[in-house]
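Data from final-v1.txt: compact mmCIF, N, CA and C atoms
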```txt
# COMPACT_ATOMS: atom_id res chain seq x y z
N ALA G 1 110.24 96.32 98.32
CA ALA G 1 110.10 95.07 99.08
C ALA G 1 111.48 94.50 99.38
N LEU G 2 111.56 93.75 100.43
CA LEU G 2 112.82 93.12 100.82
C LEU G 2 113.09 91.91 99.93
N SER G 3 114.33 91.72 99.54
CA SER G 3 114.72 90.52 98.82
C SER G 3 115.38 89.55 99.78
N CYS G 4 115.35 88.26 99.43
CA CYS G 4 116.02 87.29 100.30
C CYS G 4 117.53 87.50 100.31
N GLY G 5 118.06 88.06 99.23
CA GLY G 5 119.48 88.39 99.22
C GLY G 5 119.82 89.41 100.28
N THR G 6 118.96 90.42 100.41
CA THR G 6 119.15 91.44 101.44
C THR G 6 119.05 90.82 102.82
N VAL G 7 118.01 90.02 103.03
CA VAL G 7 117.81 89.37 104.33
C VAL G 7 119.02 88.49 104.66
N SER G 8 119.46 87.70 103.69
CA SER G 8 120.61 86.80 103.91
C SER G 8 121.86 87.58 104.28
N GLY G 9 122.04 88.72 103.62
CA GLY G 9 123.21 89.54 103.93
C GLY G 9 123.23 90.00 105.38
N TYR G 10 122.05 90.35 105.89
CA TYR G 10 121.97 90.82 107.27
C TYR G 10 122.20 89.70 108.28
N VAL G 11 121.76 88.49 107.96
CA VAL G 11 121.89 87.40 108.94
C VAL G 11 123.11 86.51 108.70
N ALA G 12 123.85 86.77 107.63
CA ALA G 12 125.04 85.96 107.34
C ALA G 12 126.02 85.86 108.52
N PRO G 13 126.26 86.95 109.27
CA PRO G 13 127.20 86.84 110.39
C PRO G 13 126.70 85.91 111.51
N CYS G 14 125.43 85.49 111.44
CA CYS G 14 124.85 84.63 112.48
C CYS G 14 125.07 83.15 112.21
N ILE G 15 125.49 82.79 110.99
CA ILE G 15 125.50 81.38 110.58
C ILE G 15 126.40 80.53 111.48
N GLY G 16 127.58 81.03 111.82
CA GLY G 16 128.48 80.26 112.68
C GLY G 16 127.83 79.93 114.01
N TYR G 17 127.12 80.89 114.56
CA TYR G 17 126.46 80.71 115.86
C TYR G 17 125.24 79.80 115.73
N LEU G 18 124.48 79.95 114.65
CA LEU G 18 123.23 79.21 114.51
C LEU G 18 123.40 77.80 113.97
N ALA G 19 124.40 77.58 113.13
CA ALA G 19 124.49 76.29 112.44
C ALA G 19 125.82 75.57 112.60
N GLN G 20 126.83 76.25 113.15
CA GLN G 20 128.15 75.63 113.21
C GLN G 20 128.69 75.51 114.64
N GLY G 21 127.84 75.80 115.62
CA GLY G 21 128.23 75.59 117.01
C GLY G 21 129.19 76.59 117.60
N ALA G 22 129.35 77.75 116.97
CA ALA G 22 130.23 78.77 117.55
C ALA G 22 129.72 79.14 118.94
N PRO G 23 130.63 79.27 119.91
CA PRO G 23 130.18 79.49 121.29
C PRO G 23 129.59 80.87 121.55
N ALA G 24 130.04 81.88 120.85
CA ALA G 24 129.61 83.24 121.15
C ALA G 24 128.78 83.82 120.02
N LEU G 25 127.82 84.64 120.39
CA LEU G 25 126.98 85.34 119.43
C LEU G 25 127.74 86.57 118.95
N PRO G 26 128.08 86.63 117.65
CA PRO G 26 128.86 87.78 117.16
C PRO G 26 128.06 89.08 117.20
N ARG G 27 128.74 90.16 117.53
CA ARG G 27 128.09 91.47 117.54
C ARG G 27 127.53 91.80 116.16
N ALA G 28 128.24 91.41 115.09
CA ALA G 28 127.78 91.69 113.73
C ALA G 28 126.45 90.99 113.44
N CYS G 29 126.22 89.85 114.05
CA CYS G 29 124.96 89.15 113.88
C CYS G 29 123.82 90.00 114.44
N CYS G 30 123.97 90.47 115.65
CA CYS G 30 122.91 91.30 116.26
C CYS G 30 122.73 92.61 115.52
N SER G 31 123.80 93.18 115.01
CA SER G 31 123.68 94.40 114.20
C SER G 31 122.82 94.13 112.98
N GLY G 32 123.04 92.98 112.33
CA GLY G 32 122.26 92.61 111.16
C GLY G 32 120.81 92.36 111.49
N VAL G 33 120.55 91.65 112.59
CA VAL G 33 119.18 91.37 113.02
C VAL G 33 118.45 92.67 113.32
N THR G 34 119.13 93.59 114.00
CA THR G 34 118.53 94.88 114.33
C THR G 34 118.22 95.68 113.06
N SER G 35 119.17 95.73 112.14
CA SER G 35 118.97 96.46 110.88
C SER G 35 117.81 95.87 110.08
N LEU G 36 117.76 94.55 110.02
CA LEU G 36 116.68 93.89 109.29
C LEU G 36 115.33 94.21 109.92
N ASN G 37 115.27 94.17 111.24
CA ASN G 37 114.02 94.50 111.93
C ASN G 37 113.60 95.94 111.64
N ASN G 38 114.57 96.84 111.57
CA ASN G 38 114.26 98.24 111.29
C ASN G 38 113.78 98.45 109.85
N LEU G 39 114.24 97.61 108.93
CA LEU G 39 113.82 97.70 107.54
C LEU G 39 112.41 97.16 107.32
N ALA G 40 112.06 96.11 108.05
CA ALA G 40 110.78 95.41 107.85
C ALA G 40 109.68 96.10 108.66
N ARG G 41 109.18 97.20 108.12
CA ARG G 41 108.22 98.03 108.85
C ARG G 41 106.77 97.72 108.52
N THR G 42 106.52 97.18 107.31
CA THR G 42 105.13 96.91 106.91
C THR G 42 104.85 95.41 107.02
N THR G 43 103.57 95.06 107.07
CA THR G 43 103.21 93.63 107.15
C THR G 43 103.78 92.85 105.97
N PRO G 44 103.65 93.32 104.71
CA PRO G 44 104.25 92.56 103.60
C PRO G 44 105.76 92.38 103.75
N ASP G 45 106.45 93.42 104.21
CA ASP G 45 107.91 93.30 104.40
C ASP G 45 108.23 92.31 105.52
N ARG G 46 107.46 92.34 106.60
CA ARG G 46 107.71 91.40 107.70
C ARG G 46 107.45 89.96 107.23
N GLN G 47 106.39 89.76 106.43
CA GLN G 47 106.10 88.43 105.92
C GLN G 47 107.19 87.96 104.98
N GLN G 48 107.69 88.86 104.13
CA GLN G 48 108.76 88.51 103.20
C GLN G 48 110.04 88.17 103.97
N ALA G 49 110.39 88.98 104.96
CA ALA G 49 111.58 88.70 105.77
C ALA G 49 111.43 87.34 106.45
N CYS G 50 110.24 87.06 106.97
CA CYS G 50 109.96 85.78 107.60
C CYS G 50 110.17 84.64 106.62
N ARG G 51 109.62 84.76 105.41
CA ARG G 51 109.77 83.69 104.40
C ARG G 51 111.25 83.46 104.07
N CYS G 52 111.99 84.54 103.95
CA CYS G 52 113.43 84.42 103.67
C CYS G 52 114.16 83.71 104.81
N LEU G 53 113.80 84.06 106.06
CA LEU G 53 114.45 83.44 107.22
C LEU G 53 114.09 81.96 107.32
N VAL G 54 112.83 81.61 107.03
CA VAL G 54 112.43 80.20 107.04
C VAL G 54 113.20 79.44 105.96
N GLY G 55 113.30 80.05 104.77
CA GLY G 55 114.06 79.43 103.69
C GLY G 55 115.52 79.22 104.07
N ALA G 56 116.10 80.24 104.70
CA ALA G 56 117.49 80.14 105.13
C ALA G 56 117.64 79.07 106.20
N ALA G 57 116.70 79.01 107.13
CA ALA G 57 116.75 78.00 108.19
C ALA G 57 116.73 76.60 107.59
N ASN G 58 115.91 76.40 106.57
CA ASN G 58 115.80 75.08 105.95
C ASN G 58 117.01 74.72 105.11
N ALA G 59 117.84 75.71 104.77
CA ALA G 59 119.04 75.47 103.99
C ALA G 59 120.18 74.91 104.84
N PHE G 60 120.01 74.96 106.16
CA PHE G 60 121.07 74.50 107.07
C PHE G 60 120.59 73.31 107.88
N PRO G 61 120.97 72.08 107.47
CA PRO G 61 120.52 70.91 108.22
C PRO G 61 121.03 70.90 109.67
N THR G 62 122.12 71.59 109.93
CA THR G 62 122.70 71.61 111.28
C THR G 62 122.19 72.77 112.11
N LEU G 63 121.15 73.47 111.65
CA LEU G 63 120.63 74.62 112.39
C LEU G 63 120.25 74.24 113.81
N ASN G 64 120.72 75.02 114.77
CA ASN G 64 120.34 74.83 116.17
C ASN G 64 119.02 75.56 116.38
N ALA G 65 117.93 74.79 116.48
CA ALA G 65 116.59 75.38 116.53
C ALA G 65 116.40 76.29 117.73
N ALA G 66 116.95 75.92 118.87
CA ALA G 66 116.81 76.74 120.08
C ALA G 66 117.53 78.08 119.92
N ARG G 67 118.72 78.03 119.33
CA ARG G 67 119.45 79.28 119.10
C ARG G 67 118.73 80.16 118.09
N ALA G 68 118.16 79.55 117.04
CA ALA G 68 117.44 80.34 116.03
C ALA G 68 116.23 81.01 116.65
N ALA G 69 115.45 80.25 117.42
CA ALA G 69 114.25 80.80 118.05
C ALA G 69 114.60 81.90 119.04
N GLY G 70 115.73 81.76 119.72
CA GLY G 70 116.13 82.72 120.75
C GLY G 70 116.95 83.89 120.24
N LEU G 71 117.26 83.88 118.94
CA LEU G 71 118.15 84.91 118.38
C LEU G 71 117.63 86.34 118.59
N PRO G 72 116.37 86.62 118.25
CA PRO G 72 115.92 88.01 118.45
C PRO G 72 116.06 88.48 119.89
N LYS G 73 115.65 87.65 120.84
CA LYS G 73 115.76 88.02 122.26
C LYS G 73 117.22 88.20 122.66
N ALA G 74 118.09 87.30 122.19
CA ALA G 74 119.51 87.39 122.52
C ALA G 74 120.11 88.70 122.00
N CYS G 75 119.54 89.20 120.90
CA CYS G 75 120.02 90.45 120.32
C CYS G 75 119.24 91.66 120.81
N GLY G 76 118.25 91.44 121.69
CA GLY G 76 117.48 92.55 122.22
C GLY G 76 116.51 93.14 121.21
N VAL G 77 116.05 92.31 120.27
CA VAL G 77 115.13 92.75 119.22
C VAL G 77 113.83 91.98 119.38
N ASN G 78 112.71 92.68 119.24
CA ASN G 78 111.41 92.03 119.35
C ASN G 78 110.80 91.89 117.96
N ILE G 79 110.74 90.64 117.45
CA ILE G 79 110.06 90.41 116.18
C ILE G 79 108.82 89.58 116.45
N PRO G 80 107.78 89.75 115.63
CA PRO G 80 106.47 89.16 115.96
C PRO G 80 106.30 87.70 115.53
N TYR G 81 107.39 86.96 115.40
CA TYR G 81 107.29 85.54 115.06
C TYR G 81 108.56 84.84 115.50
N LYS G 82 108.49 83.51 115.56
CA LYS G 82 109.64 82.71 115.95
C LYS G 82 110.41 82.33 114.68
N ILE G 83 111.71 82.45 114.72
CA ILE G 83 112.53 82.00 113.60
C ILE G 83 112.66 80.48 113.71
N SER G 84 112.08 79.77 112.74
CA SER G 84 112.16 78.31 112.74
C SER G 84 111.99 77.81 111.32
N LYS G 85 112.15 76.50 111.15
CA LYS G 85 111.98 75.90 109.82
C LYS G 85 110.51 75.76 109.43
N THR G 86 109.60 75.96 110.38
CA THR G 86 108.18 75.69 110.13
C THR G 86 107.26 76.88 110.41
N THR G 87 107.81 78.07 110.63
CA THR G 87 106.99 79.24 110.93
C THR G 87 106.02 79.51 109.77
N ASN G 88 104.76 79.78 110.10
CA ASN G 88 103.76 80.16 109.10
C ASN G 88 103.84 81.68 108.91
N CYS G 89 104.53 82.11 107.87
CA CYS G 89 104.76 83.54 107.67
C CYS G 89 103.50 84.28 107.24
N ASN G 90 102.49 83.59 106.74
CA ASN G 90 101.25 84.25 106.35
C ASN G 90 100.51 84.81 107.55
N SER G 91 100.81 84.29 108.73
CA SER G 91 100.12 84.76 109.95
C SER G 91 100.83 85.95 110.59
N VAL G 92 102.00 86.32 110.06
CA VAL G 92 102.76 87.45 110.60
C VAL G 92 102.06 88.74 110.23
N LYS G 93 101.89 89.63 111.23
CA LYS G 93 101.22 90.92 110.97
C LYS G 93 102.22 92.06 110.88
```
As structure tokens:
Amino acid sequence: ALSCGTVSGYVAPCIGYLAQGAPALPRACCSGVTSLNNLARTTPDRQQACRCLVGAANAFPTLNAARAAGLPKACGVNIPYKISKTTNCNSVK
């Protein structure tokens, strides 16, 4: 199963863009998002990754919600839920 430490490691390069107003989306961020998506192949893994991302989102009061929600598309990755502070991860398949 995926740990939140693993998930955090993959999305760490995104923090400047998502929570600190950095103007450009770092390539390392998209690499991490892509790798994480490739790891989360089963429903339990996708739900766990979702829970970790929601937890991480809630840890950043300055999170830009629009950038977080648009992150997968910006990186060319299709994930079956929206990254937000309120996503219901139990509904992720």
- Query: Near Ser84 of chain G, counting only C-alpha atoms, which residues have an atom at most 8 Å away, once you skip same-chain residues fewer than 5 positions from it, shown as a VMD selection string?
  - Reply: chain G and resid 53 to 54 57 65 68 to 69
- Contact residues around segment 38-45 of chain G with all atoms listed in the file at 6.5 Å, ignoring same-chain residues under 4 positions, as a VMD selection string: chain G and resid 1 to 2 33 to 34 49 to 50 92 to 93
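Of the listed residues G:Cys89, G:Ala66, G:Ala56, G:Val77, the one whose atoms come nearest to Gly5 of chain G is G:Ala56, with distances taken using only C-alpha atoms.
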- Message: Which residues are near Leu63 of chain G? Cut-off 9 Å, only C-alpha atoms, ignore same chain within fewer than 2 positions. Put them as a PyMOL selection string.
- Response: chain G and resi 15+18-21+57-61+65-68
Write a file of the just-selected residues containing N, CA and C atoms, as a CSV table (one decimal), in the coordinates of the input.
```csv
chain,number,residue,atom,x,y,z
G,15,ILE,N,125.5,82.8,111.0
G,15,ILE,CA,125.5,81.4,110.6
G,15,ILE,C,126.4,80.5,111.5
G,18,LEU,N,124.5,80.0,114.6
G,18,LEU,CA,123.2,79.2,114.5
G,18,LEU,C,123.4,77.8,114.0
G,19,ALA,N,124.4,77.6,113.1
G,19,ALA,CA,124.5,76.3,112.4
G,19,ALA,C,125.8,75.6,112.6
G,20,GLN,N,126.8,76.2,113.2
G,20,GLN,CA,128.2,75.6,113.2
G,20,GLN,C,128.7,75.5,114.6
G,21,GLY,N,127.8,75.8,115.6
G,21,GLY,CA,128.2,75.6,117.0
G,21,GLY,C,129.2,76.6,117.6
G,57,ALA,N,116.7,79.0,107.1
G,57,ALA,CA,116.8,78.0,108.2
G,57,ALA,C,116.7,76.6,107.6
G,58,ASN,N,115.9,76.4,106.6
G,58,ASN,CA,115.8,75.1,106.0
G,58,ASN,C,117.0,74.7,105.1
G,59,ALA,N,117.8,75.7,104.8
G,59,ALA,CA,119.0,75.5,104.0
G,59,ALA,C,120.2,74.9,104.8
G,60,PHE,N,120.0,75.0,106.2
G,60,PHE,CA,121.1,74.5,107.1
G,60,PHE,C,120.6,73.3,107.9
G,61,PRO,N,121.0,72.1,107.5
G,61,PRO,CA,120.5,70.9,108.2
G,61,PRO,C,121.0,70.9,109.7
G,65,ALA,N,117.9,74.8,116.5
G,65,ALA,CA,116.6,75.4,116.5
G,65,ALA,C,116.4,76.3,117.7
G,66,ALA,N,117.0,75.9,118.9
G,66,ALA,CA,116.8,76.7,120.1
G,66,ALA,C,117.5,78.1,119.9
G,67,ARG,N,118.7,78.0,119.3
G,67,ARG,CA,119.4,79.3,119.1
G,67,ARG,C,118.7,80.2,118.1
G,68,ALA,N,118.2,79.6,117.0
G,68,ALA,CA,117.4,80.3,116.0
G,68,ALA,C,116.2,81.0,116.6
```
- Quick one: residues within 7 Å of segment 22-31 of chain G, only C-alpha atoms counted, chain neighbours fewer than 6 positions away excluded, as a list in words?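 Listed by chain and then number, they are Val11, Pro13, Cys14, Gly16 and Cys75 of chain G.
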- Out of G:Arg51, G:Arg46, G:Ser35, G:Thr6, which residue has the shortest atom-to-atom distance to Thr87 of chain G when counting all atoms listed in the file? G:Arg51
Applying 8 Å and all atoms listed in the file, which residues near Ile79 of chain G remain after dropping the ones on its own chain fewer than 5 positions away? List them as a CSV table (one decimal) with N, CA and C atoms, in the frame of the given file.
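The resulting file, around.csv, is shown below:
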```csv
chain,number,residue,atom,x,y,z
G,37,ASN,N,115.3,94.2,111.2
G,37,ASN,CA,114.0,94.5,111.9
G,37,ASN,C,113.6,95.9,111.6
G,72,PRO,N,116.4,86.6,118.2
G,72,PRO,CA,115.9,88.0,118.4
G,72,PRO,C,116.1,88.5,119.9
G,73,LYS,N,115.6,87.6,120.8
G,73,LYS,CA,115.8,88.0,122.3
G,73,LYS,C,117.2,88.2,122.7
```
Report as a CSV table (one decimal) with N, CA and C atoms, keeping the file's coordinate frame: the residues of chain G with a DSSP assignment of alpha helix (DSSP H), based on the backbone of this structure.
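states_5.csv written:
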```csv
chain,number,residue,atom,x,y,z
G,4,CYS,N,115.4,88.3,99.4
G,4,CYS,CA,116.0,87.3,100.3
G,4,CYS,C,117.5,87.5,100.3
G,5,GLY,N,118.1,88.1,99.2
G,5,GLY,CA,119.5,88.4,99.2
G,5,GLY,C,119.8,89.4,100.3
G,6,THR,N,119.0,90.4,100.4
G,6,THR,CA,119.2,91.4,101.4
G,6,THR,C,119.0,90.8,102.8
G,7,VAL,N,118.0,90.0,103.0
G,7,VAL,CA,117.8,89.4,104.3
G,7,VAL,C,119.0,88.5,104.7
G,8,SER,N,119.5,87.7,103.7
G,8,SER,CA,120.6,86.8,103.9
G,8,SER,C,121.9,87.6,104.3
G,9,GLY,N,122.0,88.7,103.6
G,9,GLY,CA,123.2,89.5,103.9
G,9,GLY,C,123.2,90.0,105.4
G,10,TYR,N,122.0,90.4,105.9
G,10,TYR,CA,122.0,90.8,107.3
G,10,TYR,C,122.2,89.7,108.3
G,11,VAL,N,121.8,88.5,108.0
G,11,VAL,CA,121.9,87.4,108.9
G,11,VAL,C,123.1,86.5,108.7
G,15,ILE,N,125.5,82.8,111.0
G,15,ILE,CA,125.5,81.4,110.6
G,15,ILE,C,126.4,80.5,111.5
G,16,GLY,N,127.6,81.0,111.8
G,16,GLY,CA,128.5,80.3,112.7
G,16,GLY,C,127.8,79.9,114.0
G,17,TYR,N,127.1,80.9,114.6
G,17,TYR,CA,126.5,80.7,115.9
G,17,TYR,C,125.2,79.8,115.7
G,18,LEU,N,124.5,80.0,114.6
G,18,LEU,CA,123.2,79.2,114.5
G,18,LEU,C,123.4,77.8,114.0
G,19,ALA,N,124.4,77.6,113.1
G,19,ALA,CA,124.5,76.3,112.4
G,19,ALA,C,125.8,75.6,112.6
G,27,ARG,N,128.7,90.2,117.5
G,27,ARG,CA,128.1,91.5,117.5
G,27,ARG,C,127.5,91.8,116.2
G,28,ALA,N,128.2,91.4,115.1
G,28,ALA,CA,127.8,91.7,113.7
G,28,ALA,C,126.4,91.0,113.4
G,29,CYS,N,126.2,89.8,114.0
G,29,CYS,CA,125.0,89.2,113.9
G,29,CYS,C,123.8,90.0,114.4
G,30,CYS,N,124.0,90.5,115.6
G,30,CYS,CA,122.9,91.3,116.3
G,30,CYS,C,122.7,92.6,115.5
G,31,SER,N,123.8,93.2,115.0
G,31,SER,CA,123.7,94.4,114.2
G,31,SER,C,122.8,94.1,113.0
G,32,GLY,N,123.0,93.0,112.3
G,32,GLY,CA,122.3,92.6,111.2
G,32,GLY,C,120.8,92.4,111.5
G,33,VAL,N,120.6,91.6,112.6
G,33,VAL,CA,119.2,91.4,113.0
G,33,VAL,C,118.4,92.7,113.3
G,34,THR,N,119.1,93.6,114.0
G,34,THR,CA,118.5,94.9,114.3
G,34,THR,C,118.2,95.7,113.1
G,35,SER,N,119.2,95.7,112.1
G,35,SER,CA,119.0,96.5,110.9
G,35,SER,C,117.8,95.9,110.1
G,36,LEU,N,117.8,94.6,110.0
G,36,LEU,CA,116.7,93.9,109.3
G,36,LEU,C,115.3,94.2,109.9
G,37,ASN,N,115.3,94.2,111.2
G,37,ASN,CA,114.0,94.5,111.9
G,37,ASN,C,113.6,95.9,111.6
G,38,ASN,N,114.6,96.8,111.6
G,38,ASN,CA,114.3,98.2,111.3
G,38,ASN,C,113.8,98.4,109.8
G,39,LEU,N,114.2,97.6,108.9
G,39,LEU,CA,113.8,97.7,107.5
G,39,LEU,C,112.4,97.2,107.3
G,43,THR,N,103.6,95.1,107.1
G,43,THR,CA,103.2,93.6,107.2
G,43,THR,C,103.8,92.8,106.0
G,44,PRO,N,103.6,93.3,104.7
G,44,PRO,CA,104.2,92.6,103.6
G,44,PRO,C,105.8,92.4,103.8
G,45,ASP,N,106.4,93.4,104.2
G,45,ASP,CA,107.9,93.3,104.4
G,45,ASP,C,108.2,92.3,105.5
G,46,ARG,N,107.5,92.3,106.6
G,46,ARG,CA,107.7,91.4,107.7
G,46,ARG,C,107.4,90.0,107.2
G,47,GLN,N,106.4,89.8,106.4
G,47,GLN,CA,106.1,88.4,105.9
G,47,GLN,C,107.2,88.0,105.0
G,48,GLN,N,107.7,88.9,104.1
G,48,GLN,CA,108.8,88.5,103.2
G,48,GLN,C,110.0,88.2,104.0
G,49,ALA,N,110.4,89.0,105.0
G,49,ALA,CA,111.6,88.7,105.8
G,49,ALA,C,111.4,87.3,106.4
G,50,CYS,N,110.2,87.1,107.0
G,50,CYS,CA,110.0,85.8,107.6
G,50,CYS,C,110.2,84.6,106.6
G,51,ARG,N,109.6,84.8,105.4
G,51,ARG,CA,109.8,83.7,104.4
G,51,ARG,C,111.2,83.5,104.1
G,52,CYS,N,112.0,84.5,104.0
G,52,CYS,CA,113.4,84.4,103.7
G,52,CYS,C,114.2,83.7,104.8
G,53,LEU,N,113.8,84.1,106.1
G,53,LEU,CA,114.4,83.4,107.2
G,53,LEU,C,114.1,82.0,107.3
G,54,VAL,N,112.8,81.6,107.0
G,54,VAL,CA,112.4,80.2,107.0
G,54,VAL,C,113.2,79.4,106.0
G,55,GLY,N,113.3,80.0,104.8
G,55,GLY,CA,114.1,79.4,103.7
G,55,GLY,C,115.5,79.2,104.1
G,56,ALA,N,116.1,80.2,104.7
G,56,ALA,CA,117.5,80.1,105.1
G,56,ALA,C,117.6,79.1,106.2
G,57,ALA,N,116.7,79.0,107.1
G,57,ALA,CA,116.8,78.0,108.2
G,57,ALA,C,116.7,76.6,107.6
G,58,ASN,N,115.9,76.4,106.6
G,58,ASN,CA,115.8,75.1,106.0
G,58,ASN,C,117.0,74.7,105.1
G,65,ALA,N,117.9,74.8,116.5
G,65,ALA,CA,116.6,75.4,116.5
G,65,ALA,C,116.4,76.3,117.7
G,66,ALA,N,117.0,75.9,118.9
G,66,ALA,CA,116.8,76.7,120.1
G,66,ALA,C,117.5,78.1,119.9
G,67,ARG,N,118.7,78.0,119.3
G,67,ARG,CA,119.4,79.3,119.1
G,67,ARG,C,118.7,80.2,118.1
G,68,ALA,N,118.2,79.6,117.0
G,68,ALA,CA,117.4,80.3,116.0
G,68,ALA,C,116.2,81.0,116.6
G,69,ALA,N,115.4,80.2,117.4
G,69,ALA,CA,114.2,80.8,118.0
G,69,ALA,C,114.6,81.9,119.0
G,70,GLY,N,115.7,81.8,119.7
G,70,GLY,CA,116.1,82.7,120.8
G,70,GLY,C,117.0,83.9,120.2
G,71,LEU,N,117.3,83.9,118.9
G,71,LEU,CA,118.2,84.9,118.4
G,71,LEU,C,117.6,86.3,118.6
G,72,PRO,N,116.4,86.6,118.2
G,72,PRO,CA,115.9,88.0,118.4
G,72,PRO,C,116.1,88.5,119.9
G,73,LYS,N,115.6,87.6,120.8
G,73,LYS,CA,115.8,88.0,122.3
G,73,LYS,C,117.2,88.2,122.7
G,74,ALA,N,118.1,87.3,122.2
G,74,ALA,CA,119.5,87.4,122.5
G,74,ALA,C,120.1,88.7,122.0
```
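Computed from the coordinates, the atom CA of Ile83 of chain G to atom CA of Gln48 of chain G distance equals 12.8 Å.
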- Message: What does the structure give for the distance between atom C of Lys85 of chain G and atom C of Cys52 of chain G, in Å to one decimal?
- Response: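 So the two atoms, atom C of Lys85 of chain G and atom C of Cys52 of chain G, lie 9.9 Å apart.
You will find atom CA of Asn90 of chain G at 27.2 Å from atom CA of Tyr17 of chain G.
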- Message: Nearest residue to Gly32 of chain G out of G:Ser8, G:Gln47, G:Thr86, G:Thr62, using only C-alpha atoms?
- Response: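 Counting only C-alpha atoms, the residue closest to Gly32 of chain G is G:Ser8.
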